[in-house]
$ cat query16.cif   # mmCIF, C-alpha atoms
data_query
loop_
_atom_site.label_atom_id
_atom_site.label_comp_id
_atom_site.auth_asym_id
_atom_site.auth_seq_id
_atom_site.Cartn_x
_atom_site.Cartn_y
_atom_site.Cartn_z
CA MET A 1 -112.41 -54.39 94.33
CA ASN A 2 -114.54 -55.45 91.35
CA SER A 3 -112.50 -57.55 88.90
CA ARG A 4 -114.29 -56.00 85.94
CA PHE A 5 -113.23 -52.53 87.01
CA VAL A 6 -109.58 -53.60 87.32
CA LEU A 7 -109.69 -55.21 83.88
CA ALA A 8 -111.17 -52.07 82.32
CA LEU A 9 -108.53 -49.90 84.01
CA ALA A 10 -105.71 -52.12 82.72
CA ILE A 11 -107.10 -52.04 79.18
CA SER A 12 -107.37 -48.24 79.27
CA ALA A 13 -103.76 -47.86 80.46
CA GLY A 14 -102.55 -50.20 77.71
CA MET A 15 -104.43 -48.27 75.03
CA ALA A 16 -102.98 -44.99 76.33
CA LEU A 17 -99.46 -46.32 76.16
CA LEU A 18 -100.04 -47.63 72.64
CA VAL A 19 -101.38 -44.28 71.38
CA THR A 20 -98.52 -42.41 73.06
CA GLY A 21 -95.96 -44.67 71.41
CA ILE A 22 -97.52 -44.19 67.97
CA PHE A 23 -97.53 -40.40 68.24
CA TYR A 24 -93.92 -40.41 69.53
CA GLN A 25 -92.74 -42.42 66.52
CA ILE A 26 -94.54 -40.06 64.13
CA ALA A 27 -93.02 -37.00 65.83
CA MET A 28 -89.51 -38.42 65.74
CA ARG A 29 -89.64 -39.27 62.06
CA GLY A 30 -90.90 -35.85 60.96
CA PRO A 31 -90.73 -34.64 57.36
CA SER A 32 -87.70 -35.88 55.45
CA THR A 33 -85.31 -33.01 54.50
CA PRO A 34 -82.49 -33.35 51.99
CA VAL A 35 -78.95 -33.05 53.39
CA GLU A 36 -77.24 -29.89 52.07
CA GLU A 37 -73.79 -30.52 50.65
CA VAL A 38 -70.97 -28.37 52.08
CA GLY A 39 -68.56 -26.91 49.54
CA MET A 40 -64.88 -27.65 50.17
CA THR A 41 -61.73 -25.82 49.00
CA GLU A 42 -58.14 -27.01 49.23
CA ILE A 43 -55.73 -24.62 50.99
CA VAL A 44 -52.04 -24.80 51.89
CA VAL A 45 -51.13 -25.99 55.40
CA ALA A 46 -47.81 -26.75 57.11
CA VAL A 47 -46.55 -30.31 57.29
CA LYS A 48 -44.35 -29.49 60.29
CA ASP A 49 -43.47 -26.49 62.46
CA LEU A 50 -42.00 -23.60 60.45
CA GLU A 51 -39.48 -21.39 62.27
CA ILE A 52 -39.15 -17.61 62.00
CA GLY A 53 -36.96 -16.41 59.15
CA SER A 54 -36.59 -19.83 57.50
CA SER A 55 -37.14 -20.27 53.78
CA ILE A 56 -40.24 -22.42 53.20
CA ALA A 57 -39.75 -25.44 50.92
CA ALA A 58 -42.38 -27.38 49.01
CA THR A 59 -41.75 -30.49 51.13
CA GLN A 60 -42.90 -28.56 54.22
CA LEU A 61 -46.36 -27.94 52.77
CA ARG A 62 -49.43 -29.92 51.75
CA MET A 63 -52.97 -29.27 50.55
CA GLU A 64 -55.94 -29.81 52.86
CA LYS A 65 -59.69 -29.42 52.28
CA TRP A 66 -61.51 -26.75 54.29
CA PRO A 67 -65.17 -25.63 54.16
CA THR A 68 -65.40 -22.92 51.54
CA SER A 69 -67.59 -20.74 53.78
CA ARG A 70 -64.99 -20.88 56.59
CA LEU A 71 -61.72 -20.30 54.75
CA PRO A 72 -59.20 -18.29 56.82
CA VAL A 73 -58.57 -14.79 55.50
CA GLY A 74 -55.32 -14.66 53.55
CA SER A 75 -55.01 -18.40 52.96
CA PHE A 76 -53.33 -19.80 49.84
CA THR A 77 -54.75 -22.24 47.29
CA GLU A 78 -51.44 -23.10 45.58
CA ILE A 79 -48.18 -24.31 47.14
CA GLU A 80 -46.13 -22.30 44.62
CA GLN A 81 -47.45 -19.08 46.20
CA VAL A 82 -45.69 -19.90 49.49
CA ILE A 83 -42.37 -21.42 48.43
CA GLU A 84 -39.23 -19.44 49.48
CA ARG A 85 -41.15 -17.01 51.67
CA ALA A 86 -40.16 -16.60 55.34
CA PRO A 87 -42.48 -16.79 58.39
CA LEU A 88 -42.65 -13.72 60.62
CA SER A 89 -43.73 -15.92 63.55
CA ARG A 90 -43.68 -19.65 64.19
CA ILE A 91 -46.26 -21.60 62.17
CA LEU A 92 -47.31 -24.89 63.76
CA SER A 93 -47.87 -28.22 62.04
CA ALA A 94 -51.29 -28.56 60.28
CA GLU A 95 -51.83 -24.79 60.62
CA PRO A 96 -53.05 -22.93 57.51
CA ILE A 97 -50.45 -20.66 55.88
CA LEU A 98 -51.69 -17.07 55.96
CA ASP A 99 -50.28 -14.13 54.04
CA ARG A 100 -50.06 -11.87 57.13
CA ARG A 101 -47.82 -14.45 58.83
CA LEU A 102 -45.23 -14.32 56.02
CA ALA A 103 -42.64 -11.73 55.02
CA PRO A 104 -43.10 -10.08 51.60
CA PRO A 105 -41.55 -11.97 48.68
CA GLY A 106 -37.86 -11.18 48.27
CA SER A 107 -37.36 -10.07 51.89
CA GLY A 108 -34.66 -12.69 52.45
CA VAL A 109 -34.29 -15.11 55.33
CA GLY A 110 -33.07 -14.94 58.92
CA LEU A 111 -33.59 -11.74 60.90
CA SER A 112 -34.07 -9.33 57.99
CA PRO A 113 -37.73 -10.25 57.29
CA LYS A 114 -38.62 -9.10 60.82
CA VAL A 115 -37.22 -5.59 60.21
CA PRO A 116 -39.98 -3.31 58.85
CA GLU A 117 -39.22 -0.81 56.11
CA GLY A 118 -37.61 2.34 57.46
CA MET A 119 -36.35 0.61 60.62
CA ARG A 120 -32.98 -0.90 61.55
CA ALA A 121 -31.88 -3.87 63.67
CA MET A 122 -29.01 -3.13 66.06
CA SER A 123 -27.33 -5.45 68.56
CA VAL A 124 -26.11 -4.29 71.97
CA ARG A 125 -23.94 -6.27 74.36
CA VAL A 126 -25.58 -7.26 77.64
CA ASP A 127 -24.82 -9.31 80.75
CA ASP A 128 -26.85 -10.61 83.69
CA VAL A 129 -27.12 -7.07 85.08
CA ASN A 130 -27.91 -4.80 82.17
CA GLY A 131 -29.81 -7.65 80.47
CA VAL A 132 -32.24 -7.77 83.44
CA ALA A 133 -30.90 -11.18 84.47
CA GLY A 134 -31.80 -12.77 81.14
CA PHE A 135 -35.46 -11.73 81.10
CA VAL A 136 -35.04 -9.49 78.03
CA LEU A 137 -36.61 -11.92 75.56
CA PRO A 138 -37.74 -11.53 71.95
CA GLU A 139 -40.73 -9.16 71.61
CA SER A 140 -39.95 -7.54 74.98
CA LYS A 141 -40.07 -3.75 75.36
CA VAL A 142 -37.20 -1.89 77.07
CA ASP A 143 -35.92 1.58 77.93
CA LEU A 144 -32.24 2.49 77.40
CA LEU A 145 -30.22 4.37 80.00
CA ILE A 146 -26.65 5.64 79.71
CA THR A 147 -24.21 6.36 82.54
CA GLY A 148 -21.10 8.39 81.82
CA VAL A 149 -19.27 11.68 82.34
CA PRO A 150 -20.82 14.49 80.31
CA HIS A 151 -18.45 16.32 77.99
CA GLY A 152 -17.14 19.55 79.53
CA GLN A 153 -18.33 18.79 83.07
CA LEU A 154 -15.77 20.39 85.38
CA ASP A 155 -16.23 18.27 88.50
CA GLY A 156 -15.94 14.99 86.52
CA GLY A 157 -19.03 13.44 88.14
CA HIS A 158 -21.08 10.74 86.44
CA ARG A 159 -24.59 11.27 85.13
CA THR A 160 -27.37 8.84 84.22
CA ARG A 161 -30.27 9.62 81.91
CA THR A 162 -32.79 7.83 79.71
CA ILE A 163 -31.92 8.15 76.03
CA LEU A 164 -34.68 5.97 74.48
CA GLY A 165 -37.98 4.50 75.64
CA ASN A 166 -40.38 1.76 74.51
CA VAL A 167 -37.85 0.01 72.26
CA ARG A 168 -38.80 -3.39 70.83
CA VAL A 169 -36.44 -6.37 71.20
CA ILE A 170 -36.59 -8.62 68.13
CA SER A 171 -34.04 -11.26 69.15
CA ALA A 172 -32.06 -12.45 72.16
CA GLY A 173 -28.82 -14.03 71.07
CA GLU A 174 -29.76 -16.34 68.19
CA GLN A 175 -33.35 -16.75 69.40
CA LEU A 176 -35.86 -14.93 67.21
CA GLU A 177 -38.83 -16.02 69.29
CA SER A 178 -39.44 -16.77 72.96
CA ASP A 179 -40.03 -20.40 73.90
CA GLY A 180 -43.31 -19.40 75.58
CA THR A 181 -42.26 -20.46 79.08
CA GLY A 182 -40.85 -17.06 80.12
CA ARG A 183 -37.65 -18.64 81.40
CA PRO A 184 -34.60 -16.33 81.37
CA GLN A 185 -32.15 -16.68 78.51
CA ARG A 186 -28.57 -15.68 79.30
CA VAL A 187 -27.27 -14.32 76.03
CA PRO A 188 -24.31 -12.03 75.21
CA VAL A 189 -26.28 -9.65 72.96
CA VAL A 190 -29.85 -8.57 72.26
CA THR A 191 -31.02 -7.00 69.02
CA LEU A 192 -33.19 -3.89 69.12
CA LEU A 193 -35.51 -2.42 66.49
CA LEU A 194 -34.59 1.24 66.01
CA GLU A 195 -35.09 4.17 63.69
CA PRO A 196 -31.91 5.28 61.87
CA ALA A 197 -31.50 8.36 64.11
CA GLN A 198 -31.99 6.20 67.22
CA ALA A 199 -29.33 3.76 65.98
CA GLU A 200 -26.86 6.66 65.71
CA LEU A 201 -27.70 7.73 69.26
CA VAL A 202 -27.19 4.23 70.69
CA THR A 203 -23.91 3.78 68.80
CA LEU A 204 -22.55 7.00 70.27
CA ALA A 205 -23.87 6.07 73.73
CA GLN A 206 -22.00 2.74 73.66
CA SER A 207 -18.73 4.54 72.98
CA GLN A 208 -19.27 7.17 75.68
CA GLY A 209 -20.54 5.19 78.64
CA ARG A 210 -22.34 2.11 79.93
CA ILE A 211 -25.81 1.21 78.63
CA GLN A 212 -28.47 -0.27 80.93
CA LEU A 213 -31.73 -1.88 79.75
CA LEU A 214 -34.95 -1.46 81.72
CA LEU A 215 -37.66 -4.07 81.12
CA ARG A 216 -41.18 -2.66 80.77
CA ASN A 217 -44.72 -3.94 80.26
CA THR A 218 -45.40 -4.60 76.58
CA ASN A 219 -48.80 -2.87 76.91
CA ASP A 220 -47.25 0.29 78.40
CA GLU A 221 -46.65 2.76 75.56
CA ALA A 222 -46.01 5.89 77.65
CA VAL A 223 -42.47 7.32 77.69
CA PRO A 224 -42.03 9.63 80.72
CA LYS A 225 -39.77 12.67 80.36
CA THR A 226 -36.95 12.71 82.93
CA GLU A 227 -34.02 15.07 83.48
CA GLY A 228 -31.52 12.42 84.54
CA VAL A 229 -29.60 12.25 87.82
CA ASP A 230 -26.08 13.43 88.74
CA GLU A 231 -23.64 11.54 90.91
CA GLY A 232 -23.69 14.23 93.59
CA GLU A 233 -27.46 13.93 94.04
CA LEU A 234 -26.98 10.40 95.43
CA PHE A 235 -25.22 11.94 98.43
CA GLY A 236 -27.57 14.86 99.01
CA ALA A 237 -25.98 17.50 96.83
CA PRO A 238 -28.46 20.02 95.39
CA LYS A 239 -29.51 19.48 91.82
CA LYS A 240 -27.61 21.60 89.37
CA PRO A 241 -29.67 24.09 87.40
CA GLN A 242 -30.26 23.04 83.84
CA PRO A 243 -29.09 25.40 81.11
CA ARG A 244 -31.85 27.34 79.47
CA SER A 245 -32.97 26.11 76.12
CA GLY A 246 -33.18 28.31 73.07
CA PRO A 247 -30.70 30.29 70.98
CA ARG A 248 -27.90 32.08 72.77
CA ILE A 249 -27.94 35.85 72.42
CA PRO A 250 -24.40 37.22 72.03
CA GLN A 251 -23.47 39.93 74.48
CA THR A 252 -21.92 42.95 72.77
CA MET A 253 -19.57 45.38 74.52
CA ALA A 254 -19.86 49.14 73.95
CA ARG A 255 -16.99 50.66 72.03
CA PHE A 256 -15.69 54.10 73.05
CA GLU A 257 -14.00 56.27 70.45
CA PRO A 258 -11.16 58.48 71.77
CA LEU A 259 -11.73 62.26 71.75
CA PRO A 260 -9.94 64.20 69.01
CA PRO A 261 -6.98 66.39 70.14
CA PRO A 262 -7.82 70.09 70.84
CA SER A 263 -7.23 72.62 68.08
CA ILE A 264 -4.86 75.65 68.48
CA GLU A 265 -5.80 79.05 67.09
CA VAL A 266 -3.03 81.63 66.18
CA GLU A 267 -3.85 85.27 65.43
CA MET A 268 -1.63 86.89 62.77
CA ILE A 269 -1.40 90.66 61.91
CA HIS A 270 0.16 91.89 58.68
CA GLY A 271 0.12 95.70 58.70
CA THR A 272 -3.47 96.67 58.86
CA GLU A 273 -4.75 93.13 58.10
CA ARG A 274 -5.63 90.67 60.84
CA SER A 275 -6.22 86.88 60.37
CA VAL A 276 -6.67 83.77 62.53
CA ALA A 277 -5.15 80.34 61.70
CA SER A 278 -6.18 77.01 63.37
CA PHE A 279 -3.78 74.12 63.94
CA VAL A 280 -4.55 70.64 65.32
CA GLY A 281 -2.54 69.90 68.42
CA GLU A 282 -0.65 66.63 68.92
CA GLU A 283 -2.29 63.84 71.01
CA ARG A 284 -0.48 63.20 74.28
#

$ encode --input "query16.cif" --output "structure tokens"
Amino acid sequence: MNSRFVLALAISAGMALLVTGIFYQIAMRGPSTPVEEVGMTEIVVAVKDLEIGSSIAATQLRMEKWPTSRLPVGSFTEIEQVIERAPLSRILSAEPILDRRLAPPGSGVGLSPKVPEGMRAMSVRVDDVNGVAGFVLPESKVDLLITGVPHGQLDGGHRTRTILGNVRVISAGEQLESDGTGRPQRVPVVTLLLEPAQAELVTLAQSQGRIQLLLRNTNDEAVPKTEGVDEGELFGAPKKPQPRSGPRIPQTMARFEPLPPPSIEVEMIHGTERSVASFVGEER
């Protein structure tokens, strides 16, 4: 191969690499753009984990800068706005304090902040059986069944029926929140969230028979209508007819008035005059 040709080829390749490098450097530099400053705002965050129902102190809070365009909805800009309020759910360390996670001011501490207006918290005694072996945890949903002898039932047999459905559990023993592992918690009582009329029903049910809790899926809102089951049905006895609903119509009996006693007529003649007198006879 001609040495001149090789030299020319090498020079051409070197020039190509040089031009390519120059254009690459120009492209990488590009036009200089000023760096936009991001606005920051200080918001209140937790210094350590805050438990449900506890009164928040100033020492548990600190201020932290967050991008103004990305502030969480309901965040606070002053520590004084959060002091003495109670969390409705656990707030983790370094987590922003949000208004929707706190009970209204003046709601108190402990369990009461978790009870919405118009509702009541009621505790029922449970064991490993009617507590579904300890799996009735805070924020579970349950149905309530009662087993007892209905008032006025002649044969004295027991009856079981569902009295309430889709009831929310707000605490298990002293635990206001599940530990997140789903492990059973054997506790003597669970606290239910009820309407006032439901609380009256459960109170009466506890005095009349034995209450059983049925665990249900928290996403299942349907409450099926059941008629209950009698003790005899377990052994093949036919189901007793249910009394008809609606107002009772009193049955009236016809009243018969006795017939009046027959009258007696007497004809009397005085000379040429004739008259008739009527007398009522005596009833026999």

$ residues_around --input "query16.cif" --residues "Pro113 (chain A)" --least-positions-apart "6" --cutoff "10 Å" --atoms "only C-alpha atoms" --output "PyMOL selection string"
chain A and resi 52-54+85-88+102-107

$ closest_residue --input "query16.cif" --among "A:Ser93, A:Ser55, A:Ser207, A:Ser69" --to "Val124 (chain A)" --atoms "only C-alpha atoms"
A:Ser207

$ resolve_selection --input "query16.cif" --expression "the PyMOL selection byres ((chain A and resi 134-141) around 12)" --output "compact mmCIF listing (two decimals) with C-alpha atoms, keeping the file's coordinate frame"
# COMPACT_ATOMS: atom_id res chain seq x y z
CA ILE A 52 -39.15 -17.61 62.00
CA SER A 89 -43.73 -15.92 63.55
CA LEU A 111 -33.59 -11.74 60.90
CA LYS A 114 -38.62 -9.10 60.82
CA VAL A 124 -26.11 -4.29 71.97
CA VAL A 126 -25.58 -7.26 77.64
CA ASP A 127 -24.82 -9.31 80.75
CA ASP A 128 -26.85 -10.61 83.69
CA VAL A 129 -27.12 -7.07 85.08
CA ASN A 130 -27.91 -4.80 82.17
CA GLY A 131 -29.81 -7.65 80.47
CA VAL A 132 -32.24 -7.77 83.44
CA ALA A 133 -30.90 -11.18 84.47
CA VAL A 142 -37.20 -1.89 77.07
CA ASP A 143 -35.92 1.58 77.93
CA LEU A 144 -32.24 2.49 77.40
CA LEU A 164 -34.68 5.97 74.48
CA GLY A 165 -37.98 4.50 75.64
CA ASN A 166 -40.38 1.76 74.51
CA VAL A 167 -37.85 0.01 72.26
CA ARG A 168 -38.80 -3.39 70.83
CA VAL A 169 -36.44 -6.37 71.20
CA ILE A 170 -36.59 -8.62 68.13
CA SER A 171 -34.04 -11.26 69.15
CA ALA A 172 -32.06 -12.45 72.16
CA GLY A 173 -28.82 -14.03 71.07
CA GLU A 174 -29.76 -16.34 68.19
CA GLN A 175 -33.35 -16.75 69.40
CA LEU A 176 -35.86 -14.93 67.21
CA GLU A 177 -38.83 -16.02 69.29
CA SER A 178 -39.44 -16.77 72.96
CA ASP A 179 -40.03 -20.40 73.90
CA GLY A 180 -43.31 -19.40 75.58
CA THR A 181 -42.26 -20.46 79.08
CA GLY A 182 -40.85 -17.06 80.12
CA ARG A 183 -37.65 -18.64 81.40
CA PRO A 184 -34.60 -16.33 81.37
CA GLN A 185 -32.15 -16.68 78.51
CA ARG A 186 -28.57 -15.68 79.30
CA VAL A 187 -27.27 -14.32 76.03
CA PRO A 188 -24.31 -12.03 75.21
CA VAL A 189 -26.28 -9.65 72.96
CA VAL A 190 -29.85 -8.57 72.26
CA THR A 191 -31.02 -7.00 69.02
CA LEU A 192 -33.19 -3.89 69.12
CA LEU A 193 -35.51 -2.42 66.49
CA LEU A 194 -34.59 1.24 66.01
CA GLN A 212 -28.47 -0.27 80.93
CA LEU A 213 -31.73 -1.88 79.75
CA LEU A 214 -34.95 -1.46 81.72
CA LEU A 215 -37.66 -4.07 81.12
CA ARG A 216 -41.18 -2.66 80.77
CA ASN A 217 -44.72 -3.94 80.26
CA THR A 218 -45.40 -4.60 76.58
CA ASN A 219 -48.80 -2.87 76.91
CA ASP A 220 -47.25 0.29 78.40
CA GLU A 221 -46.65 2.76 75.56
CA ALA A 222 -46.01 5.89 77.65
CA VAL A 223 -42.47 7.32 77.69

$ atom_distance --input "query16.cif" --atom1 "CA of Ile56 (chain A)" --atom2 "CA of Gly39 (chain A)"
28.9 Å

$ atom_distance --input "query16.cif" --atom1 "CA of Glu78 (chain A)" --atom2 "CA of Pro116 (chain A)"
26.4 Å

$ decode --input "query16.cif" --residues "region 152-199 of chain A" --atoms "C-alpha atoms" --output "PDB file, in the first residue's frame"
ATOM      1  CA  GLY A 152     -92.863 -15.631  76.772  1.00  0.00           C
ATOM      2  CA  GLN A 153     -91.603 -18.640  74.799  1.00  0.00           C
ATOM      3  CA  LEU A 154     -93.509 -21.638  76.165  1.00  0.00           C
ATOM      4  CA  ASP A 155     -91.100 -24.445  75.293  1.00  0.00           C
ATOM      5  CA  GLY A 156     -88.117 -22.596  76.854  1.00  0.00           C
ATOM      6  CA  GLY A 157     -85.839 -23.183  73.851  1.00  0.00           C
ATOM      7  CA  HIS A 158     -82.915 -20.912  73.025  1.00  0.00           C
ATOM      8  CA  ARG A 159     -82.816 -18.614  70.025  1.00  0.00           C
ATOM      9  CA  THR A 160     -79.944 -16.873  68.234  1.00  0.00           C
ATOM     10  CA  ARG A 161     -80.294 -13.810  66.042  1.00  0.00           C
ATOM     11  CA  THR A 162     -78.205 -10.919  64.727  1.00  0.00           C
ATOM     12  CA  ILE A 163     -78.986  -7.679  66.536  1.00  0.00           C
ATOM     13  CA  LEU A 164     -76.420  -5.340  64.897  1.00  0.00           C
ATOM     14  CA  GLY A 165     -74.215  -5.434  61.816  1.00  0.00           C
ATOM     15  CA  ASN A 166     -71.139  -3.596  60.508  1.00  0.00           C
ATOM     16  CA  VAL A 167     -70.124  -2.185  63.903  1.00  0.00           C
ATOM     17  CA  ARG A 168     -66.723  -0.495  64.178  1.00  0.00           C
ATOM     18  CA  VAL A 169     -64.274  -1.519  66.930  1.00  0.00           C
ATOM     19  CA  ILE A 170     -62.287   1.487  68.173  1.00  0.00           C
ATOM     20  CA  SER A 171     -60.163  -0.224  70.836  1.00  0.00           C
ATOM     21  CA  ALA A 172     -59.168  -3.668  72.058  1.00  0.00           C
ATOM     22  CA  GLY A 173     -58.380  -3.587  75.746  1.00  0.00           C
ATOM     23  CA  GLU A 174     -56.159  -0.529  76.214  1.00  0.00           C
ATOM     24  CA  GLN A 175     -54.925  -0.596  72.612  1.00  0.00           C
ATOM     25  CA  LEU A 176     -56.362   2.233  70.515  1.00  0.00           C
ATOM     26  CA  GLU A 177     -54.519   1.153  67.377  1.00  0.00           C
ATOM     27  CA  SER A 178     -53.374  -2.151  65.901  1.00  0.00           C
ATOM     28  CA  ASP A 179     -49.639  -2.817  65.875  1.00  0.00           C
ATOM     29  CA  GLY A 180     -49.805  -3.443  62.118  1.00  0.00           C
ATOM     30  CA  THR A 181     -48.715  -7.083  62.308  1.00  0.00           C
ATOM     31  CA  GLY A 182     -52.235  -8.542  62.567  1.00  0.00           C
ATOM     32  CA  ARG A 183     -51.248 -10.710  65.522  1.00  0.00           C
ATOM     33  CA  PRO A 184     -54.138 -11.630  67.862  1.00  0.00           C
ATOM     34  CA  GLN A 185     -54.525  -9.636  71.061  1.00  0.00           C
ATOM     35  CA  ARG A 186     -56.175 -11.487  73.940  1.00  0.00           C
ATOM     36  CA  VAL A 187     -58.027  -8.779  75.808  1.00  0.00           C
ATOM     37  CA  PRO A 188     -60.931  -8.915  78.295  1.00  0.00           C
ATOM     38  CA  VAL A 189     -63.024  -6.215  76.591  1.00  0.00           C
ATOM     39  CA  VAL A 190     -63.403  -4.489  73.239  1.00  0.00           C
ATOM     40  CA  THR A 191     -64.947  -1.067  72.747  1.00  0.00           C
ATOM     41  CA  LEU A 192     -67.530  -0.551  70.012  1.00  0.00           C
ATOM     42  CA  LEU A 193     -68.688   2.637  68.302  1.00  0.00           C
ATOM     43  CA  LEU A 194     -72.489   2.772  68.492  1.00  0.00           C
ATOM     44  CA  GLU A 195     -75.423   5.093  68.059  1.00  0.00           C
ATOM     45  CA  PRO A 196     -77.308   5.851  71.301  1.00  0.00           C
ATOM     46  CA  ALA A 197     -80.217   3.556  70.353  1.00  0.00           C
ATOM     47  CA  GLN A 198     -77.763   0.762  69.474  1.00  0.00           C
ATOM     48  CA  ALA A 199     -76.033   1.179  72.839  1.00  0.00           C
TER      49      ALA A 199
END
